[in-house]
Amino acid sequence: MELSKAYNPKEHEQDIYSLWENNNAFKPSGTGKPFSMVFPPPNANGNLHIGHAFTMGIQDISARYHRLIGCDVLFVPGTDHAGFETQVVFERQLEKEGKSRFDFSREELYSQIWDFVAANKNNVENQLKQLGASFDWSSHVFSLDKKVVDSAYKRFKKMWDDDLIYRGERLVNFCTFHGTAFADIEVEFKEEQGHLWYIKYPVTGTNENLVVATTRPETMLGDTAVAVNPTDKRYQGLIGKTITLPLTNREVPIIADDFVDPEFGTGAVKITPAHDPNDYEAALRHSLPFISVIDFNGKITHEMPEKYRGKKVIEARQAILKDLQGEGFLEKTEDYKHSVGHCYKCKTTIQPLLKEQWFINMKPLAKKAIEALEDKKIKFYPDSKRVQLINYLKQLRDWNISRQISWGIPIPAFVNEDNPDDWIFDERVEQELIEVNNHTYRRDPDVFDTWFSSSSWPYVATDYPSSDNFKKFYPLSLMDTGADILFPWVSRMIMLGLYETDQIPFKDVFMHGLIMAEDGAKMSKSVGNVINPMDVLDKYGSDALRMGMIAGRVAGVNRGYDHRKVEDARNFCNKLWNIARFSQEKVNSSKSKKPVPETVADHWIISKLSDLQNNLAKDMEKYGFAEGYERLYHFIWDDLADWYIEASKSRSNDSILAYTLISSLKLLHPYAPFVTEAIWQSLKPANESELLIGAKLEDIIPSDKKLAAKFDKLKNTVIEIRNISNTLKLIKPSLTMTKLSEVDQEEINLIKKLANLSDIKEVETGKGIKLTSSEMAAWIDVDKSVIDQYLDEVKAKVKQRETQVENLRARLSNKSYIEKAPKKLIEDTKKNLKETEEEITALKEEATRF
RNA sequence: GGACCCUUAGCUCAGUUGGCUAGAGCGCUUCCUUGACGUGGAAGAGGUCAGAGGUUCAAGUCCUCUAGGGUCCACCA
């Protein structure tokens, strides 16, 4: 098959992927050291974003590289039902159709979203294939698959029995627009410009007022105390007395509690236990009643004075402030900046509301995780993320896992219709009512927080507890995710993995930074700076997208997307393609030949190849994906194409060229799976695997280091000649040498070819510009007029070298340096000094000679 | 209030446990239609490594402080 002039990814990618799939190339081989990963399941509710493409690239490189070195690789794909997220996406779609979730029953909504997700799941999977994902598709997990749901139920029951799960009325983070509670981690806090209102609370039976400061005056309707710090001298006399609340005329006590900061506001705090986490805690300590002011629709409850009932929070606030002002209770208003929680989807202010929910007691789970992390049982790249995670776990509070939405895994719990405290576990969630022991039980209408099920991903994906996969591949070798889900996901996988399997879920965690927009800002649909990976792929190819994203990125650091890197990677694919085009016939003709290095160039390229293979192994071990890429790029482009292939035009060794190309294809394959496989298929190298994806790495054939070094010297000579030619605008100059006959003819030819010389001839005495980089006595044959131009350059060079010599001498005359620096370093310094001095002598000779 | 990260060439970024003349890509300048590639080839210019102090024989790298940028966490009403 003849290769086209330029690599066109579109002509190959789909076919190549099918070729792999049809040959079951992604299945674990069953032999070799196990290497396992599960892909963080994308939400099955739309398209992949650039972050997915990036993490896909990193993990697919790891998977393919480990196959290459003979590991037994399990790479598990998955998709997430993404409960709340998906419901939001679906509701937006409903909105466009002029409908809302209230138009449907829970069951209707569920089944509609099911269809919506099924379609998107397909879409996501197709996109992953385009990205080159070498997944074992047969082990694909969808987060509503039976095994995931069963596992969630089992875990729920186990935790219930272990007293780790409890149901209780607590303050929860409630979004009144979406009508559901959230975990703490899901609340988005933002600085907001608000006000601090100072309200006078009359002390009962006196003319005194106790002034409190608040950012939320509307909650005063639910105040059940006013608190001061017990050490606050100003209020000593008031503790134990009561105040009469304005507007409602309820009498509430003045209490003393340490949590009050005397410095803040007036040092007196209104206590609204039903709407503030601090106040809630205080109320528990002081046995205060809880009065709900705001309902789940974000409106004032019916228990409140009639004039405020049914008003939205902000309206109620205005009305209350107006009334307070009218009655003389408002002392003053100050501007105040404070942090307010918002729904991360609709930005509605989160209301802390009292609600009965299922909670997980996180302390014991976090404790185990912290221990594992402090012992470095799990390695983090970068390690700073491990430290961050420990800090997070230390302050973790109980986790609310109930969600008031329809899309998700129903909570398998039922309540006795006659006794609200009698909750039982039962998996018959498809029924609303069940009979147990002659009592009717009603299903909890809520579903699990998605993270509750997805935190089981590593062990559910490997079929805990008894499957072969679990035994072989758990704990996973590597978990790669974005830094944004360190807390919500990685932390929970560790905690629940330890809880359920008694083992860490993965050995290494690679936290990649986020891909920001080109200007460095966060990508966001509303800002419109989102880069669609599929567009990039369409234009530049899958390999270019992958390498372009990985180039120059280091673990844990956010970086802007850079289209130039993608372009550069596209060019690189094309370069490789053309190397293959140049080599195609040579590969064919040398199929039966054993590669044996003959020329200095052969030894040099083989030794470079060997270095590449060794260093790449080191890169992969420490997840240096960008370093690996750069290494491959420079080997293939600079060493192979610019030097070796050029040298081969002087004298070629086809079997070595073929060998080098084939080895390069193997090594680059993880980074550029499509183009390398396409080339492989057209070359069909002898005695190798049919598919490149199935090829294995072998030790590089031996090369002679001395001969390789000889080529390096020759290279320097060529570079010097090119440099002089360029500076002096010489076109095809000729070289004269005094001892030409002592130099190998082949090397002479090589220099002539590479340095673009017209001729190399022997002379009695040299004339022209003497080369300084070479041991050979060689001169570029030029006229006197040209030499004058060159003299200035020589002088500058001498000066530079002299400074260098000075520095080296100073270092060597430093006693401490001689005593303390490693011997090898001192040797090198001496050697360097000697060489530089010799160079100066040579240069000076040149300068004086003219 | 706390934690973490970043500041190196015009731009985007590398720089392992401190070690010789600080690297890459893009861009820029000059040149080249050389048997694959102009998505190419050759040569080159360009950096007081944010600033100050310290440790060390030796600091882009370690420590302290300062300035600027970013991210995350936290129940100050």
# chains A, B, ... in the order shown; residues from 1 in each chain; ligands from 1

$ interface_residues --of "chain A" --to "chain B" --cutoff "7 Å" --atoms "only C-alpha atoms (C1' of nucleotides)" --output "JSON, numbers by chain"
{"A": [213, 214, 269, 277, 278, 552, 564, 570, 571, 574, 575, 578, 579, 581, 582, 722, 723, 726, 814, 816, 817, 820, 821, 829]}

$ select_by_dssp --residues "segment 710-822 of chain A" --states "alpha helix (DSSP H)" --output "ChimeraX atom specification"
/A:710-727,745-754,784-812,815-820

$ residues_around --residues "Lys710 of chain A" --least-positions-apart "4" --cutoff "9 Å" --atoms "only C-alpha atoms (C1' of nucleotides)" --output "ChimeraX atom specification"
/A:600-601,604,705-706,714-715

$ residues_around --residues "segment 634-641 of chain A" --least-positions-apart "2" --cutoff "8 Å" --atoms "only C-alpha atoms (C1' of nucleotides)" --output "ChimeraX atom specification"
/A:572,575-576,579,605,608-609,612,630-632,643-646,664

$ write_last_selection --atoms "N, CA and C atoms" --output "PDB file, in the first residue's frame"
ATOM      1  N   PHE A 572       3.897  16.640  13.931  1.00  0.00           N
ATOM      2  CA  PHE A 572       4.735  15.521  14.354  1.00  0.00           C
ATOM      3  C   PHE A 572       4.221  14.207  13.758  1.00  0.00           C
ATOM      4  N   LYS A 575       5.215  14.130  10.317  1.00  0.00           N
ATOM      5  CA  LYS A 575       6.654  13.861  10.194  1.00  0.00           C
ATOM      6  C   LYS A 575       6.899  12.359  10.244  1.00  0.00           C
ATOM      7  N   LEU A 576       6.275  11.747  11.228  1.00  0.00           N
ATOM      8  CA  LEU A 576       6.436  10.305  11.390  1.00  0.00           C
ATOM      9  C   LEU A 576       5.948   9.570  10.138  1.00  0.00           C
ATOM     10  N   ILE A 579       8.488   9.836   7.543  1.00  0.00           N
ATOM     11  CA  ILE A 579       9.629   8.961   7.823  1.00  0.00           C
ATOM     12  C   ILE A 579       9.283   7.559   7.307  1.00  0.00           C
ATOM     13  N   ILE A 605      22.515   5.779  16.292  1.00  0.00           N
ATOM     14  CA  ILE A 605      21.054   5.795  16.398  1.00  0.00           C
ATOM     15  C   ILE A 605      20.575   4.667  17.314  1.00  0.00           C
ATOM     16  N   LYS A 608      21.108   5.763  20.823  1.00  0.00           N
ATOM     17  CA  LYS A 608      20.069   6.766  21.149  1.00  0.00           C
ATOM     18  C   LYS A 608      18.738   6.084  21.412  1.00  0.00           C
ATOM     19  N   LEU A 609      18.437   5.103  20.596  1.00  0.00           N
ATOM     20  CA  LEU A 609      17.178   4.373  20.739  1.00  0.00           C
ATOM     21  C   LEU A 609      17.132   3.648  22.078  1.00  0.00           C
ATOM     22  N   LEU A 612      16.503   6.099  24.736  1.00  0.00           N
ATOM     23  CA  LEU A 612      15.093   6.504  24.695  1.00  0.00           C
ATOM     24  C   LEU A 612      14.236   5.492  25.431  1.00  0.00           C
ATOM     25  N   GLU A 630       8.096  14.554  25.058  1.00  0.00           N
ATOM     26  CA  GLU A 630       9.179  15.380  24.530  1.00  0.00           C
ATOM     27  C   GLU A 630      10.358  14.505  24.080  1.00  0.00           C
ATOM     28  N   ARG A 631      10.620  13.496  24.873  1.00  0.00           N
ATOM     29  CA  ARG A 631      11.707  12.586  24.556  1.00  0.00           C
ATOM     30  C   ARG A 631      11.464  11.881  23.213  1.00  0.00           C
ATOM     31  N   LEU A 632      10.261  11.373  23.050  1.00  0.00           N
ATOM     32  CA  LEU A 632       9.919  10.680  21.811  1.00  0.00           C
ATOM     33  C   LEU A 632       9.981  11.626  20.619  1.00  0.00           C
ATOM     34  N   TRP A 643      19.023  13.467  11.505  1.00  0.00           N
ATOM     35  CA  TRP A 643      20.399  12.989  11.447  1.00  0.00           C
ATOM     36  C   TRP A 643      20.520  11.609  10.817  1.00  0.00           C
ATOM     37  N   TYR A 644      19.783  10.655  11.371  1.00  0.00           N
ATOM     38  CA  TYR A 644      20.030   9.304  10.873  1.00  0.00           C
ATOM     39  C   TYR A 644      19.573   9.110   9.432  1.00  0.00           C
ATOM     40  N   ILE A 645      18.376   9.588   9.149  1.00  0.00           N
ATOM     41  CA  ILE A 645      17.883   9.411   7.778  1.00  0.00           C
ATOM     42  C   ILE A 645      18.738  10.216   6.801  1.00  0.00           C
ATOM     43  N   GLU A 646      19.116  11.411   7.228  1.00  0.00           N
ATOM     44  CA  GLU A 646      19.990  12.202   6.356  1.00  0.00           C
ATOM     45  C   GLU A 646      21.316  11.460   6.138  1.00  0.00           C
ATOM     46  N   SER A 664      10.539   2.653  17.099  1.00  0.00           N
ATOM     47  CA  SER A 664       9.953   3.964  17.371  1.00  0.00           C
ATOM     48  C   SER A 664       8.434   3.890  17.366  1.00  0.00           C
TER      49      SER A 664
END

$ residues_around --residues "Asn297 of chain A" --least-positions-apart "6" --cutoff "9 Å" --atoms "only C-alpha atoms (C1' of nucleotides)" --output "VMD selection string"
chain A and resid 175 to 177 179 312

$ write_last_selection --atoms "N, CA and C atoms" --output "compact mmCIF listing (two decimals), in the first residue's frame"
# COMPACT_ATOMS: atom_id res chain seq x y z
N CYS A 175 -31.55 23.51 48.30
CA CYS A 175 -31.78 24.43 47.18
C CYS A 175 -33.29 24.48 46.96
N THR A 176 -33.87 25.63 47.17
CA THR A 176 -35.33 25.72 47.08
C THR A 176 -35.79 25.73 45.63
N PHE A 177 -34.89 26.00 44.70
CA PHE A 177 -35.29 25.93 43.29
C PHE A 177 -35.35 24.48 42.82
N GLY A 179 -35.33 21.90 44.82
CA GLY A 179 -36.10 21.11 45.76
C GLY A 179 -35.36 19.92 46.32
N LYS A 312 -41.48 35.26 49.80
CA LYS A 312 -40.15 34.73 49.57
C LYS A 312 -39.17 35.37 50.56

$ atom_distance --atom1 "atom CA of Leu353 of chain A" --atom2 "atom CA of Phe290 of chain A"
10.7 Å

$ residues_around --residues "Leu735 of chain A" --least-positions-apart "5" --cutoff "6 Å" --atoms "only C-alpha atoms (C1' of nucleotides)" --output "list in words"
Ile760, Trp779, Ile780 and Asp781 of chain A

$ residues_around --residues "Gln236 of chain A" --least-positions-apart "4" --cutoff "12 Å" --atoms "only C-alpha atoms (C1' of nucleotides)" --output "list in words"
Ala227, Val228, Asn229, Pro230, Thr231, Asp232, Gly240, Lys241, Ile254, Ile255, Ala256, Gly267 and Ala268 of chain A

$ write_last_selection --atoms "N, CA, C and O atoms" --output "PDB file, in the first residue's frame"
ATOM      1  N   ALA A 227     -27.621  34.968  72.335  1.00  0.00           N
ATOM      2  CA  ALA A 227     -26.449  34.464  73.051  1.00  0.00           C
ATOM      3  C   ALA A 227     -25.383  35.535  73.177  1.00  0.00           C
ATOM      4  O   ALA A 227     -25.202  36.366  72.280  1.00  0.00           O
ATOM      5  N   VAL A 228     -24.686  35.518  74.306  1.00  0.00           N
ATOM      6  CA  VAL A 228     -23.527  36.381  74.505  1.00  0.00           C
ATOM      7  C   VAL A 228     -22.401  35.513  75.029  1.00  0.00           C
ATOM      8  O   VAL A 228     -22.630  34.397  75.501  1.00  0.00           O
ATOM      9  N   ASN A 229     -21.184  36.057  74.928  1.00  0.00           N
ATOM     10  CA  ASN A 229     -20.057  35.293  75.464  1.00  0.00           C
ATOM     11  C   ASN A 229     -20.070  35.395  76.988  1.00  0.00           C
ATOM     12  O   ASN A 229     -20.252  36.481  77.527  1.00  0.00           O
ATOM     13  N   PRO A 230     -19.869  34.271  77.679  1.00  0.00           N
ATOM     14  CA  PRO A 230     -19.953  34.274  79.146  1.00  0.00           C
ATOM     15  C   PRO A 230     -18.952  35.223  79.795  1.00  0.00           C
ATOM     16  O   PRO A 230     -19.171  35.673  80.910  1.00  0.00           O
ATOM     17  N   THR A 231     -17.862  35.535  79.096  1.00  0.00           N
ATOM     18  CA  THR A 231     -16.863  36.409  79.689  1.00  0.00           C
ATOM     19  C   THR A 231     -17.087  37.879  79.337  1.00  0.00           C
ATOM     20  O   THR A 231     -16.332  38.737  79.766  1.00  0.00           O
ATOM     21  N   ASP A 232     -18.093  38.130  78.557  1.00  0.00           N
ATOM     22  CA  ASP A 232     -18.315  39.502  78.090  1.00  0.00           C
ATOM     23  C   ASP A 232     -18.914  40.348  79.224  1.00  0.00           C
ATOM     24  O   ASP A 232     -20.061  40.154  79.623  1.00  0.00           O
ATOM     25  N   GLY A 240     -29.526  35.020  81.529  1.00  0.00           N
ATOM     26  CA  GLY A 240     -30.599  34.428  82.321  1.00  0.00           C
ATOM     27  C   GLY A 240     -31.902  35.204  82.222  1.00  0.00           C
ATOM     28  O   GLY A 240     -32.984  34.665  82.453  1.00  0.00           O
ATOM     29  N   LYS A 241     -31.811  36.471  81.827  1.00  0.00           N
ATOM     30  CA  LYS A 241     -33.038  37.249  81.608  1.00  0.00           C
ATOM     31  C   LYS A 241     -33.632  36.892  80.235  1.00  0.00           C
ATOM     32  O   LYS A 241     -33.092  36.053  79.512  1.00  0.00           O
ATOM     33  N   ILE A 254     -31.870  34.958  77.252  1.00  0.00           N
ATOM     34  CA  ILE A 254     -30.507  35.393  76.926  1.00  0.00           C
ATOM     35  C   ILE A 254     -29.579  34.361  77.544  1.00  0.00           C
ATOM     36  O   ILE A 254     -29.628  34.123  78.752  1.00  0.00           O
ATOM     37  N   ILE A 255     -28.786  33.717  76.682  1.00  0.00           N
ATOM     38  CA  ILE A 255     -27.941  32.644  77.167  1.00  0.00           C
ATOM     39  C   ILE A 255     -26.469  32.997  76.978  1.00  0.00           C
ATOM     40  O   ILE A 255     -26.134  33.938  76.240  1.00  0.00           O
ATOM     41  N   ALA A 256     -25.621  32.254  77.654  1.00  0.00           N
ATOM     42  CA  ALA A 256     -24.181  32.476  77.524  1.00  0.00           C
ATOM     43  C   ALA A 256     -23.569  31.277  76.820  1.00  0.00           C
ATOM     44  O   ALA A 256     -23.867  30.129  77.160  1.00  0.00           O
ATOM     45  N   GLY A 267     -21.535  41.725  69.904  1.00  0.00           N
ATOM     46  CA  GLY A 267     -21.191  40.683  70.865  1.00  0.00           C
ATOM     47  C   GLY A 267     -22.403  39.897  71.325  1.00  0.00           C
ATOM     48  O   GLY A 267     -22.295  39.012  72.165  1.00  0.00           O
ATOM     49  N   ALA A 268     -23.556  40.252  70.775  1.00  0.00           N
ATOM     50  CA  ALA A 268     -24.785  39.508  71.093  1.00  0.00           C
ATOM     51  C   ALA A 268     -25.314  38.903  69.799  1.00  0.00           C
ATOM     52  O   ALA A 268     -25.402  39.584  68.772  1.00  0.00           O
TER      53      ALA A 268
END

$ select_by_dssp --residues "segment 270-386 of chain A" --states "strand (DSSP E or B)" --output "VMD selection string"
chain A and resid 270 to 271 294 299 to 300 312 330 to 343 349 351 to 360 379 to 381

$ closest_atom_pairs --of "segment 67-101 of chain A" --to "segment 477-491 of chain A" --cutoff "12 Å" --atoms "only C-alpha atoms" --output "tab-separated table"
residue	atom	partner	partner_atom	distance
A:Cys71	CA	A:Ser477	CA	11.5
A:Asp72	CA	A:Ser477	CA	11.5
A:Val73	CA	A:Ser477	CA	9.9
A:Leu74	CA	A:Ser477	CA	9.7
A:Phe75	CA	A:Leu478	CA	10.2
A:Val76	CA	A:Met479	CA	11.5

$ write_last_selection --atoms "all heavy atoms" --output "JSON list (two decimals), in the first residue's frame"
[["chain", "number", "residue", "atom", "x", "y", "z"],
["A", 71, "CYS", "N", 2.63, -6.18, 30.44],
["A", 71, "CYS", "CA", 1.72, -6.32, 31.57],
["A", 71, "CYS", "C", 0.36, -6.86, 31.12],
["A", 71, "CYS", "O", 0.00, -6.77, 29.96],
["A", 71, "CYS", "CB", 1.50, -4.97, 32.25],
["A", 71, "CYS", "SG", 2.94, -4.37, 33.12],
["A", 72, "ASP", "N", -0.36, -7.39, 32.09],
["A", 72, "ASP", "CA", -1.73, -7.83, 31.87],
["A", 72, "ASP", "C", -2.61, -6.65, 32.26],
["A", 72, "ASP", "O", -2.75, -6.32, 33.43],
["A", 72, "ASP", "CB", -2.01, -9.03, 32.79],
["A", 72, "ASP", "CG", -3.32, -9.71, 32.43],
["A", 72, "ASP", "OD1", -3.93, -9.32, 31.42],
["A", 72, "ASP", "OD2", -3.71, -10.62, 33.17],
["A", 73, "VAL", "N", -3.16, -5.98, 31.25],
["A", 73, "VAL", "CA", -3.80, -4.69, 31.50],
["A", 73, "VAL", "C", -5.32, -4.80, 31.52],
["A", 73, "VAL", "O", -5.94, -5.29, 30.58],
["A", 73, "VAL", "CB", -3.37, -3.66, 30.43],
["A", 73, "VAL", "CG1", -4.16, -2.36, 30.58],
["A", 73, "VAL", "CG2", -1.88, -3.38, 30.54],
["A", 74, "LEU", "N", -5.90, -4.34, 32.61],
["A", 74, "LEU", "CA", -7.36, -4.20, 32.69],
["A", 74, "LEU", "C", -7.69, -2.72, 32.74],
["A", 74, "LEU", "O", -7.24, -2.00, 33.64],
["A", 74, "LEU", "CB", -7.90, -4.89, 33.95],
["A", 74, "LEU", "CG", -9.42, -4.73, 34.16],
["A", 74, "LEU", "CD1", -10.19, -5.50, 33.11],
["A", 74, "LEU", "CD2", -9.83, -5.18, 35.56],
["A", 75, "PHE", "N", -8.44, -2.28, 31.77],
["A", 75, "PHE", "CA", -8.80, -0.85, 31.68],
["A", 75, "PHE", "C", -10.31, -0.80, 31.52],
["A", 75, "PHE", "O", -10.85, -1.14, 30.46],
["A", 75, "PHE", "CB", -8.06, -0.24, 30.49],
["A", 75, "PHE", "CG", -8.15, 1.26, 30.38],
["A", 75, "PHE", "CD1", -8.54, 2.06, 31.44],
["A", 75, "PHE", "CD2", -7.83, 1.88, 29.18],
["A", 75, "PHE", "CE1", -8.61, 3.43, 31.32],
["A", 75, "PHE", "CE2", -7.89, 3.26, 29.04],
["A", 75, "PHE", "CZ", -8.29, 4.03, 30.11],
["A", 76, "VAL", "N", -10.98, -0.40, 32.59],
["A", 76, "VAL", "CA", -12.44, -0.53, 32.65],
["A", 76, "VAL", "C", -13.14, 0.79, 32.34],
["A", 76, "VAL", "O", -12.90, 1.80, 33.01],
["A", 76, "VAL", "CB", -12.88, -0.99, 34.06],
["A", 76, "VAL", "CG1", -14.39, -1.15, 34.12],
["A", 76, "VAL", "CG2", -12.18, -2.28, 34.44]]
